[in-house]
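Data block for structure-v8.cif (mmCIF, C-alpha atoms):
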data_my_file
loop_
_atom_site.label_atom_id
_atom_site.label_comp_id
_atom_site.auth_asym_id
_atom_site.auth_seq_id
_atom_site.Cartn_x
_atom_site.Cartn_y
_atom_site.Cartn_z
CA MET A 1 92.63 109.00 103.43
CA THR A 2 92.70 105.65 101.61
CA HIS A 3 96.20 104.17 101.60
CA ILE A 4 97.49 101.89 98.82
CA LEU A 5 100.88 100.25 99.24
CA VAL A 6 102.66 99.44 95.98
CA ALA A 7 105.44 96.84 96.04
CA THR A 8 107.97 97.42 93.27
CA ASP A 9 111.41 96.08 92.40
CA ALA A 10 111.84 98.89 89.86
CA TRP A 11 112.76 102.17 91.51
CA HIS A 12 115.06 105.18 91.42
CA PRO A 13 117.71 105.71 90.19
CA GLN A 14 116.34 103.52 87.39
CA VAL A 15 114.87 105.54 84.55
CA ASN A 16 112.14 103.51 82.92
CA GLY A 17 108.43 103.46 82.21
CA VAL A 18 107.54 101.49 85.33
CA VAL A 19 109.15 103.98 87.72
CA ARG A 20 107.74 106.98 85.90
CA THR A 21 104.26 105.45 85.73
CA LEU A 22 104.17 104.67 89.44
CA THR A 23 105.56 107.97 90.69
CA THR A 24 103.42 110.13 88.40
CA MET A 25 100.29 108.13 89.14
CA ALA A 26 100.93 108.50 92.89
CA ARG A 27 101.10 112.28 92.60
CA ALA A 28 97.81 112.31 90.68
CA ALA A 29 96.19 109.95 93.20
CA LYS A 30 97.06 112.28 96.07
CA SER A 31 95.07 115.05 94.40
CA LEU A 32 92.13 112.62 94.43
CA GLY A 33 92.43 112.00 98.18
CA VAL A 34 94.31 108.68 97.99
CA GLU A 35 97.78 108.09 99.44
CA VAL A 36 100.00 105.78 97.40
CA THR A 37 103.24 104.73 99.06
CA PHE A 38 105.93 102.34 97.92
CA LEU A 39 107.84 99.35 99.23
CA THR A 40 111.04 99.54 97.18
CA PRO A 41 114.67 98.36 96.99
CA ASP A 42 115.62 101.42 99.06
CA SER A 43 114.82 99.38 102.18
CA PHE A 44 117.16 96.47 101.35
CA ARG A 45 120.62 95.49 100.24
CA THR A 46 120.81 95.24 96.46
CA PHE A 47 122.94 93.59 93.79
CA ALA A 48 123.54 94.45 90.14
CA MET A 49 122.05 92.22 87.47
CA PRO A 50 124.90 90.39 85.69
CA SER A 51 123.79 91.37 82.17
CA TYR A 52 122.62 94.86 83.09
CA ARG A 53 124.81 96.54 85.73
CA ASP A 54 122.62 99.64 85.90
CA LEU A 55 119.69 97.61 87.24
CA ARG A 56 119.87 96.50 90.86
CA LEU A 57 117.67 93.87 92.49
CA ALA A 58 116.80 93.87 96.17
CA LEU A 59 117.70 91.13 98.66
CA PRO A 60 114.62 91.30 100.91
CA SER A 61 113.88 88.97 103.82
CA PRO A 62 110.40 87.78 104.81
CA ALA A 63 110.80 89.30 108.28
CA LYS A 64 111.73 92.74 106.92
CA ILE A 65 108.88 92.60 104.39
CA THR A 66 106.43 91.77 107.17
CA LYS A 67 107.73 94.59 109.35
CA LEU A 68 107.45 97.17 106.57
CA ILE A 69 103.94 96.17 105.50
CA GLU A 70 102.61 96.09 109.06
CA ALA A 71 104.16 99.48 109.78
CA ALA A 72 102.53 100.94 106.67
CA LYS A 73 99.04 99.60 107.57
CA PRO A 74 97.73 99.88 104.01
CA ASP A 75 94.09 99.54 103.03
CA SER A 76 95.11 97.80 99.78
CA ILE A 77 98.26 96.20 98.39
CA HIS A 78 99.38 96.24 94.77
CA LEU A 79 102.29 94.28 93.27
CA ALA A 80 103.85 96.20 90.39
CA THR A 81 106.71 93.83 89.58
CA GLU A 82 107.48 90.12 89.63
CA GLY A 83 110.92 90.45 91.27
CA PRO A 84 112.18 89.55 94.77
CA ILE A 85 110.09 92.22 96.54
CA GLY A 86 106.97 91.36 94.58
CA LEU A 87 107.43 87.66 95.32
CA LEU A 88 107.79 88.14 99.09
CA VAL A 89 104.89 90.59 99.32
CA ARG A 90 102.80 88.08 97.37
CA ARG A 91 103.81 85.40 99.87
CA TYR A 92 102.90 87.69 102.79
CA CYS A 93 99.42 88.32 101.37
CA ARG A 94 98.78 84.67 100.50
CA ARG A 95 99.68 83.42 103.95
CA ARG A 96 97.33 85.90 105.60
CA GLY A 97 94.47 85.68 103.16
CA LEU A 98 94.90 89.32 102.13
CA PRO A 99 93.63 90.44 98.72
CA PHE A 100 96.06 92.12 96.35
CA THR A 101 96.21 93.29 92.76
CA THR A 102 99.05 93.11 90.24
CA SER A 103 100.06 94.89 87.05
CA PHE A 104 101.86 93.68 83.94
CA HIS A 105 104.43 96.23 82.81
CA THR A 106 107.25 94.38 81.09
CA ARG A 107 107.52 91.61 78.51
CA PHE A 108 110.04 89.63 80.53
CA PRO A 109 109.80 86.50 78.35
CA GLU A 110 111.13 88.38 75.33
CA TYR A 111 113.68 90.32 77.40
CA VAL A 112 115.02 87.19 79.10
CA SER A 113 115.25 85.20 75.86
CA ALA A 114 117.17 88.08 74.23
CA ARG A 115 119.82 87.84 76.96
CA SER A 116 119.89 84.13 77.84
CA PRO A 117 118.99 80.65 76.54
CA ILE A 118 115.94 80.42 78.85
CA PRO A 119 112.84 79.58 76.73
CA GLU A 120 110.09 82.19 76.67
CA GLY A 121 107.55 79.52 77.60
CA TRP A 122 109.19 78.95 80.97
CA VAL A 123 109.01 82.63 81.82
CA TRP A 124 105.35 82.86 80.77
CA ARG A 125 104.58 79.97 83.15
CA MET A 126 106.32 81.78 85.98
CA LEU A 127 104.38 84.96 85.24
CA ARG A 128 101.04 83.13 85.18
CA TRP A 129 101.87 81.59 88.55
CA PHE A 130 102.78 84.99 90.00
CA HIS A 131 99.65 86.82 88.85
CA LYS A 132 97.11 84.01 89.30
CA PRO A 133 96.01 84.73 92.92
CA GLY A 134 95.57 88.48 92.35
CA GLN A 135 92.18 90.13 92.42
CA ALA A 136 93.03 91.77 89.10
CA VAL A 137 95.92 91.95 86.64
CA MET A 138 96.19 95.49 85.27
CA ALA A 139 97.27 95.81 81.63
CA ALA A 140 98.01 99.09 79.86
CA THR A 141 96.32 98.42 76.52
CA PRO A 142 93.43 96.36 75.08
CA ALA A 143 95.80 94.35 72.89
CA LEU A 144 98.02 93.44 75.84
CA ALA A 145 94.97 92.52 77.93
CA ALA A 146 93.70 90.26 75.15
CA GLU A 147 97.10 88.60 74.81
CA LEU A 148 97.35 87.94 78.55
CA ARG A 149 93.89 86.36 78.56
CA GLN A 150 94.88 84.18 75.62
CA ARG A 151 97.96 83.06 77.54
CA GLY A 152 95.88 81.93 80.50
CA PHE A 153 95.93 84.98 82.79
CA ARG A 154 92.76 85.56 84.80
CA ASN A 155 90.95 88.73 85.93
CA VAL A 156 92.75 90.96 83.41
CA VAL A 157 91.57 94.60 83.49
CA LEU A 158 92.66 97.79 81.76
CA TRP A 159 94.75 100.51 83.38
CA SER A 160 95.87 103.06 80.80
CA ARG A 161 98.52 105.75 81.16
CA GLY A 162 98.65 109.52 80.98
CA VAL A 163 100.95 112.41 80.16
CA ASP A 164 101.87 115.63 81.95
CA THR A 165 100.92 118.29 79.41
CA THR A 166 102.14 121.07 81.71
CA LEU A 167 105.67 119.73 81.22
CA PHE A 168 105.49 118.26 77.73
CA HIS A 169 104.22 120.80 75.21
CA PRO A 170 105.43 122.58 72.06
CA ARG A 171 107.96 125.40 72.48
CA ASP A 172 110.63 127.09 70.38
CA VAL A 173 113.88 125.19 70.93
CA ASP A 174 116.80 124.72 68.54
CA LEU A 175 119.30 121.89 69.06
CA CYS A 176 121.55 123.46 66.38
CA LEU A 177 121.63 120.18 64.47
CA PRO A 178 120.97 119.45 60.78
CA GLN A 179 117.24 119.04 60.25
CA PRO A 180 114.98 117.18 60.29
CA VAL A 181 115.72 115.74 63.73
CA TYR A 182 114.56 112.19 64.37
CA LEU A 183 114.43 111.47 68.09
CA SER A 184 114.28 108.27 70.14
CA VAL A 185 114.00 108.29 73.95
CA GLY A 186 114.37 105.34 76.29
CA ARG A 187 116.61 102.73 77.82
CA ILE A 188 119.45 101.76 75.47
CA ALA A 189 119.30 98.00 75.60
CA VAL A 190 119.06 95.17 73.09
CA GLU A 191 115.32 94.65 73.60
CA LYS A 192 114.61 98.25 72.55
CA ASN A 193 115.69 97.48 68.96
CA LEU A 194 117.45 100.85 68.57
CA GLU A 195 119.70 99.52 65.84
CA ALA A 196 116.65 99.32 63.55
CA PHE A 197 116.39 103.11 63.89
CA LEU A 198 120.08 104.00 63.82
CA ALA A 199 120.73 101.94 60.67
CA LEU A 200 118.16 103.92 58.63
CA ASP A 201 119.36 106.20 55.83
CA LEU A 202 117.58 109.40 56.83
CA PRO A 203 118.25 113.05 56.03
CA GLY A 204 119.07 115.33 58.95
CA THR A 205 120.09 113.98 62.36
CA LYS A 206 119.27 110.95 64.48
CA VAL A 207 119.23 111.76 68.21
CA VAL A 208 119.05 109.26 71.07
CA VAL A 209 118.20 110.22 74.66
CA GLY A 210 118.78 107.62 77.36
CA ASP A 211 121.39 105.30 78.75
CA GLY A 212 121.89 101.58 79.13
CA PRO A 213 124.16 98.60 78.51
CA ALA A 214 124.07 98.86 74.69
CA ARG A 215 125.00 102.54 74.49
CA ALA A 216 128.77 102.23 74.09
CA ALA A 217 128.50 99.63 71.33
CA LEU A 218 125.89 101.62 69.42
CA GLU A 219 127.90 104.85 69.69
CA ARG A 220 130.88 103.08 68.14
CA LYS A 221 128.78 101.52 65.38
CA PHE A 222 126.80 104.68 64.53
CA PRO A 223 129.16 107.65 65.08
CA GLU A 224 126.95 109.95 62.99
CA ALA A 225 124.10 109.70 65.54
CA VAL A 226 123.93 112.06 68.51
CA PHE A 227 123.73 110.35 71.91
CA LEU A 228 122.70 112.83 74.62
CA GLY A 229 122.55 110.43 77.57
CA ALA A 230 119.78 110.41 80.17
CA ARG A 231 117.78 113.63 80.43
CA HIS A 232 114.90 114.51 82.73
CA GLY A 233 112.23 117.09 83.42
CA GLU A 234 112.40 120.40 81.59
CA GLU A 235 115.60 119.44 79.79
CA LEU A 236 113.96 116.33 78.34
CA ALA A 237 110.82 118.27 77.42
CA GLU A 238 112.88 120.81 75.47
CA ILE A 239 114.58 118.05 73.48
CA TYR A 240 111.22 116.58 72.53
CA ALA A 241 110.00 119.99 71.39
CA ALA A 242 113.12 120.57 69.28
CA ALA A 243 112.73 117.37 67.25
CA ASP A 244 110.63 116.75 64.14
CA VAL A 245 109.67 113.05 64.38
CA PHE A 246 109.65 110.63 67.29
CA VAL A 247 110.95 107.19 66.29
CA PHE A 248 109.90 104.21 68.41
CA PRO A 249 111.64 101.07 67.11
CA SER A 250 110.73 98.75 70.00
CA ARG A 251 108.70 95.67 69.15
CA THR A 252 108.24 94.54 72.76
CA ASP A 253 107.08 97.52 74.86
CA THR A 254 103.67 97.07 76.47
CA PHE A 255 102.78 100.77 76.23
CA GLY A 256 105.56 103.32 75.86
CA LEU A 257 105.01 106.44 77.95
CA VAL A 258 107.46 108.24 75.69
CA LEU A 259 104.89 108.02 72.88
CA LEU A 260 102.46 110.24 74.78
CA GLU A 261 105.25 112.58 75.89
CA ALA A 262 106.34 113.01 72.28
CA LEU A 263 102.79 113.59 71.03
CA ALA A 264 102.13 116.16 73.77
CA SER A 265 105.27 117.95 72.58
CA GLY A 266 103.90 118.06 69.04
CA LEU A 267 105.97 115.19 67.66
CA PRO A 268 104.37 112.73 65.22
CA VAL A 269 105.32 109.09 65.77
CA ALA A 270 107.07 106.64 63.43
CA ALA A 271 106.96 103.05 64.64
CA PHE A 272 106.37 99.44 63.74
CA PRO A 273 102.71 98.28 63.72
CA VAL A 274 102.99 96.32 66.99
CA THR A 275 101.39 96.29 70.43
CA GLY A 276 102.32 99.50 72.20
CA PRO A 277 102.34 102.10 69.44
CA ARG A 278 99.32 100.46 67.79
CA ASP A 279 97.33 100.64 71.01
CA VAL A 280 98.47 104.13 71.99
CA ILE A 281 97.66 105.90 68.72
CA GLY A 282 95.42 103.37 66.93
CA ALA A 283 93.97 104.91 63.77
CA ALA A 284 94.49 108.50 64.94
CA PRO A 285 96.31 110.64 62.34
CA VAL A 286 99.24 111.37 64.66
CA GLY A 287 101.75 108.79 63.51
CA VAL A 288 102.75 106.32 60.82
CA LEU A 289 103.00 102.64 61.73
CA ASP A 290 104.74 100.60 59.07
CA ASP A 291 107.00 97.56 58.85
CA ASP A 292 109.21 99.81 56.72
CA LEU A 293 110.45 102.11 59.49
CA GLN A 294 112.24 104.42 57.05
CA HIS A 295 109.00 104.99 55.15
CA ALA A 296 107.22 105.67 58.46
CA CYS A 297 109.85 108.27 59.41
CA MET A 298 109.59 110.13 56.13
CA GLU A 299 105.78 110.08 56.03
CA ALA A 300 105.51 111.27 59.64
CA LEU A 301 107.18 114.56 58.68
CA SER A 302 103.95 115.68 56.98
CA ILE A 303 101.71 115.19 60.04
CA PRO A 304 100.53 118.47 61.63
CA ARG A 305 102.05 119.01 65.07
CA GLN A 306 98.81 120.41 66.49
CA ALA A 307 97.01 117.14 65.75
CA CYS A 308 99.53 115.38 68.00
CA VAL A 309 99.06 117.93 70.79
CA ASP A 310 95.26 117.65 70.62
CA PHE A 311 95.45 113.85 70.77
CA ALA A 312 97.75 113.80 73.81
CA ALA A 313 95.47 116.23 75.69
CA LEU A 314 92.88 113.43 75.90
CA HIS A 315 95.20 111.33 78.11
CA THR A 316 95.59 112.68 81.64
CA TRP A 317 97.35 111.18 84.65
CA GLN A 318 94.36 112.03 86.82
CA ALA A 319 92.14 109.79 84.70
CA SER A 320 94.79 107.06 84.88
CA ALA A 321 95.00 107.40 88.67
CA ARG A 322 91.22 107.11 89.04
CA VAL A 323 91.25 103.80 87.18
CA PHE A 324 94.17 102.49 89.24
CA ILE A 325 92.47 103.43 92.51
CA ASP A 326 89.25 101.74 91.47
CA ARG A 327 91.05 98.53 90.48
CA ALA A 328 93.37 98.45 93.50
CA THR A 329 90.72 99.10 96.16
CA ASN A 330 88.02 96.76 94.84
CA ASN A 331 89.02 94.06 97.33
CA ARG A 332 87.15 90.80 97.79
CA PRO A 333 87.78 88.46 100.76
CA VAL A 334 90.00 85.47 100.02
CA ASP A 335 90.88 82.28 101.86
CA PRO A 336 94.46 81.84 103.08
CA GLU A 337 96.35 79.37 100.94
CA SER A 338 96.79 75.89 102.38
CA GLU A 339 99.93 74.87 104.23
CA HIS A 340 100.81 72.59 101.34
CA GLU A 341 100.39 75.32 98.74
CA ARG A 342 102.61 77.62 100.77
CA GLU A 343 105.46 75.17 100.34
CA VAL A 344 105.18 74.99 96.55
CA THR A 345 107.89 77.12 94.98
CA ALA A 346 107.52 79.12 91.80
CA MET A 347 109.73 76.76 89.83
CA ASN A 348 107.84 73.67 91.03
CA PHE A 349 104.63 75.30 89.90
CA ILE A 350 106.16 76.02 86.50
CA ALA A 351 107.18 72.41 86.06
CA GLU A 352 103.75 71.06 87.05
CA ASP A 353 101.48 73.63 85.34
CA PRO A 354 99.25 71.67 82.90
CA HIS A 355 97.72 74.82 81.44
CA PHE A 356 100.81 76.17 79.74
CA ILE A 357 100.05 78.11 76.57
CA ALA A 358 103.19 78.62 74.48
#
Encoding of this model in C-alpha cells:
Amino acid sequence: MTHILVATDAWHPQVNGVVRTLTTMARAAKSLGVEVTFLTPDSFRTFAMPSYRDLRLALPSPAKITKLIEAAKPDSIHLATEGPIGLLVRRYCRRRGLPFTTSFHTRFPEYVSARSPIPEGWVWRMLRWFHKPGQAVMAATPALAAELRQRGFRNVVLWSRGVDTTLFHPRDVDLCLPQPVYLSVGRIAVEKNLEAFLALDLPGTKVVVGDGPARAALERKFPEAVFLGARHGEELAEIYAAADVFVFPSRTDTFGLVLLEALASGLPVAAFPVTGPRDVIGAAPVGVLDDDLQHACMEALSIPRQACVDFAALHTWQASARVFIDRATNNRPVDPESEHEREVTAMNFIAEDPHFIA
C-alpha cells in the first residue's frame, strides 16, 4: 500500500477546514488503496497562540521530526501547513534531497494583518519561500491558483474538495425558531467577517454554529442571534437541514467546506462575490453572490432546495482523494540544497527576495 505522510500544524481538537479536509480525504484515500498518515502537534509540546488561545502551535525539534519521519517510512511527503512542523519537515526534506508537495489552505497574510501590524507583503514573501522548493503547490480553486501564480508561486496545481452526502442531506428537522432561519457555520474570529451577517436586518432568526475568540463579544453585541457553539457529525447535519439559507460572510476563505455541506443539506448560499464562494458555486443556480449581503439572503430564499442537493452530489471526497494522491505521489528527483542555502533562514530570505509581488 502506498504511504503518504502529511505534516500539519492544524489538528484536533481544532475545528476548521484544514483538519476536516485532511481527515476526510485520508478516509477516502484508504478506500483507494493509499494510506495517509499524519505528523501532528500530538507528538510535541504545544503553546497557545497569544491572540487565539484555542489554537495551539507545536514546539518540535529537528531530532524528533527526523525520528518520526524515519519511523513512518513514507513513500511521499506532503506539507499541509506553514507552521513549526511544516518548517522542520521542509528542512528535513531539503537536506536529504527528498521531494515533497505542499498545499495552500489559509490566507495567512490577511489573517495576520487583521490581528497585528505586520504588513501582508512580508507574509506573502515568507509563504513564497516556504512553498518554492515543493514539487507542487495544491490550491483548492482555479481563482486561488491563478492568484498564487500571479504572486510568484511556482508549480501550482488544483486540488478541489468534496462533501459527505451520506451525512449531509435534507431531512425533516425543526429548531423551533422563528423562520426563516439564516445559518452560518465556522470559526468565530475576526477574519470570518461574521459581523457583516449579524448586523443585517432580516426576518426570522440568525443562527451561528461554531466557536472562537470573537464569540463572546459578538454574543453581547447581537443578543437576538442564536449562538449554538461547536457542533459535529449528525448534530451539525441536522442543524444544516433545519435552516433555510446558508450565509457565508467571509471575504478571505480559500474554499469553504461548509458551502458544500450546506448545499448537500439543501441550503442555498448567500455570500459576497469573492474567491471561495465564487469558485465553489460559480454560475450554478444554487446561491446568490452579491455585495449587498442582505439582498443575497432574501433572494436565496427562492432557490429550490433540490437544485442545491443535485449540485453537491457532483463533489465527492473520493474524487478529491484521487487528485491528492496523484499530485502527492508524482515525485521527481531533486538535488539536496547546498550547505550555504541550508543556513539561510526564512526571514533572511524574505529580506533578500527580489521577486516580491505586493
Could you write out as a tab-separated table (two decimals) with C-alpha atoms, keeping the file's coordinate frame the residues that the PyMOL selection byres ((chain A and resi 268-274) around 7) matches in the shown file?
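part-v9.tsv written:
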chain	number	residue	atom	x	y	z
A	245	VAL	CA	109.67	113.05	64.38
A	246	PHE	CA	109.65	110.63	67.29
A	247	VAL	CA	110.95	107.19	66.29
A	248	PHE	CA	109.90	104.21	68.41
A	249	PRO	CA	111.64	101.07	67.11
A	251	ARG	CA	108.70	95.67	69.15
A	263	LEU	CA	102.79	113.59	71.03
A	266	GLY	CA	103.90	118.06	69.04
A	267	LEU	CA	105.97	115.19	67.66
A	275	THR	CA	101.39	96.29	70.43
A	276	GLY	CA	102.32	99.50	72.20
A	277	PRO	CA	102.34	102.10	69.44
A	278	ARG	CA	99.32	100.46	67.79
A	286	VAL	CA	99.24	111.37	64.66
A	287	GLY	CA	101.75	108.79	63.51
A	288	VAL	CA	102.75	106.32	60.82
A	289	LEU	CA	103.00	102.64	61.73
A	290	ASP	CA	104.74	100.60	59.07
A	291	ASP	CA	107.00	97.56	58.85
A	293	LEU	CA	110.45	102.11	59.49
A	296	ALA	CA	107.22	105.67	58.46
A	297	CYS	CA	109.85	108.27	59.41
A	300	ALA	CA	105.51	111.27	59.64
A	303	ILE	CA	101.71	115.19	60.04
A	305	ARG	CA	102.05	119.01	65.07
A	308	CYS	CA	99.53	115.38	68.00
Practice problem: Just the residues within 7 Å of Ala28 in chain A, please, counting only C-alpha atoms, with nothing from its chain fewer than 6 positions along; format it as a PyMOL selection string. | Solution: chain A and resi 317-318+321
Mind checking which residues fall within 8 Å of range 17-27 of chain A, counting only C-alpha atoms, ignoring those fewer than 3 positions away in the same chain, and posting them as a PDB file with C-alpha atoms, in the frame of the given file?
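File written: part-v9.pdb
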ATOM      1  CA  ALA A  10     111.840  98.890  89.860  1.00  0.00           C
ATOM      2  CA  TRP A  11     112.760 102.170  91.510  1.00  0.00           C
ATOM      3  CA  HIS A  12     115.060 105.180  91.420  1.00  0.00           C
ATOM      4  CA  GLN A  14     116.340 103.520  87.390  1.00  0.00           C
ATOM      5  CA  LYS A  30      97.060 112.280  96.070  1.00  0.00           C
ATOM      6  CA  SER A  31      95.070 115.050  94.400  1.00  0.00           C
ATOM      7  CA  GLU A  35      97.780 108.090  99.440  1.00  0.00           C
ATOM      8  CA  VAL A  36     100.000 105.780  97.400  1.00  0.00           C
ATOM      9  CA  THR A  37     103.240 104.730  99.060  1.00  0.00           C
ATOM     10  CA  HIS A 105     104.430  96.230  82.810  1.00  0.00           C
ATOM     11  CA  ARG A 161      98.520 105.750  81.160  1.00  0.00           C
ATOM     12  CA  GLY A 256     105.560 103.320  75.860  1.00  0.00           C
ATOM     13  CA  LEU A 257     105.010 106.440  77.950  1.00  0.00           C
ATOM     14  CA  TRP A 317      97.350 111.180  84.650  1.00  0.00           C
ATOM     15  CA  GLN A 318      94.360 112.030  86.820  1.00  0.00           C
ATOM     16  CA  SER A 320      94.790 107.060  84.880  1.00  0.00           C
ATOM     17  CA  ALA A 321      95.000 107.400  88.670  1.00  0.00           C
TER      18      ALA A 321
END
Residues within 9 Å of Ile4 in chain A, all atoms listed in the file, excluding chain neighbours under 6 positions, as an mmCIF file with C-alpha atoms, in the frame of the given file:
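The new file selection28.cif reads:
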data_model
loop_
_atom_site.group_PDB
_atom_site.id
_atom_site.type_symbol
_atom_site.label_atom_id
_atom_site.label_comp_id
_atom_site.auth_asym_id
_atom_site.auth_seq_id
_atom_site.Cartn_x
_atom_site.Cartn_y
_atom_site.Cartn_z
ATOM 1 C CA VAL A 34 94.310 108.680 97.990
ATOM 2 C CA GLU A 35 97.780 108.090 99.440
ATOM 3 C CA VAL A 36 100.000 105.780 97.400
ATOM 4 C CA THR A 37 103.240 104.730 99.060
ATOM 5 C CA PHE A 38 105.930 102.340 97.920
ATOM 6 C CA PRO A 74 97.730 99.880 104.010
ATOM 7 C CA ASP A 75 94.090 99.540 103.030
ATOM 8 C CA SER A 76 95.110 97.800 99.780
ATOM 9 C CA ILE A 77 98.260 96.200 98.390
ATOM 10 C CA HIS A 78 99.380 96.240 94.770
ATOM 11 C CA ILE A 325 92.470 103.430 92.510
ATOM 12 C CA ALA A 328 93.370 98.450 93.500
ATOM 13 C CA THR A 329 90.720 99.100 96.160
#
Close residues, Leu260 in chain A itself excluded, 8 Å, only C-alpha atoms, min 5 positions apart in chain, as a PDB file with C-alpha atoms, in the frame of the given file:
ATOM      1  CA  GLY A 162      98.650 109.520  80.980  1.00  0.00           C
ATOM      2  CA  VAL A 163     100.950 112.410  80.160  1.00  0.00           C
ATOM      3  CA  VAL A 280      98.470 104.130  71.990  1.00  0.00           C
ATOM      4  CA  ALA A 312      97.750 113.800  73.810  1.00  0.00           C
TER       5      ALA A 312
END
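The closest residue to Phe47 in chain A, picked from A:Asp253, A:Asp292, A:Asp9, A:Glu82 and counting all atoms listed in the file, is A:Asp9.
Residue membership of the PyMOL selection byres ((chain A and resi 223) around 12) in the shown file amounts to Leu198, Ala199, Thr205, Lys206, Val207, Val208, Arg215, Ala216, Ala217, Leu218, Glu219, Arg220, Lys221, Phe222, Glu224, Ala225, Val226 and Phe227 of chain A.
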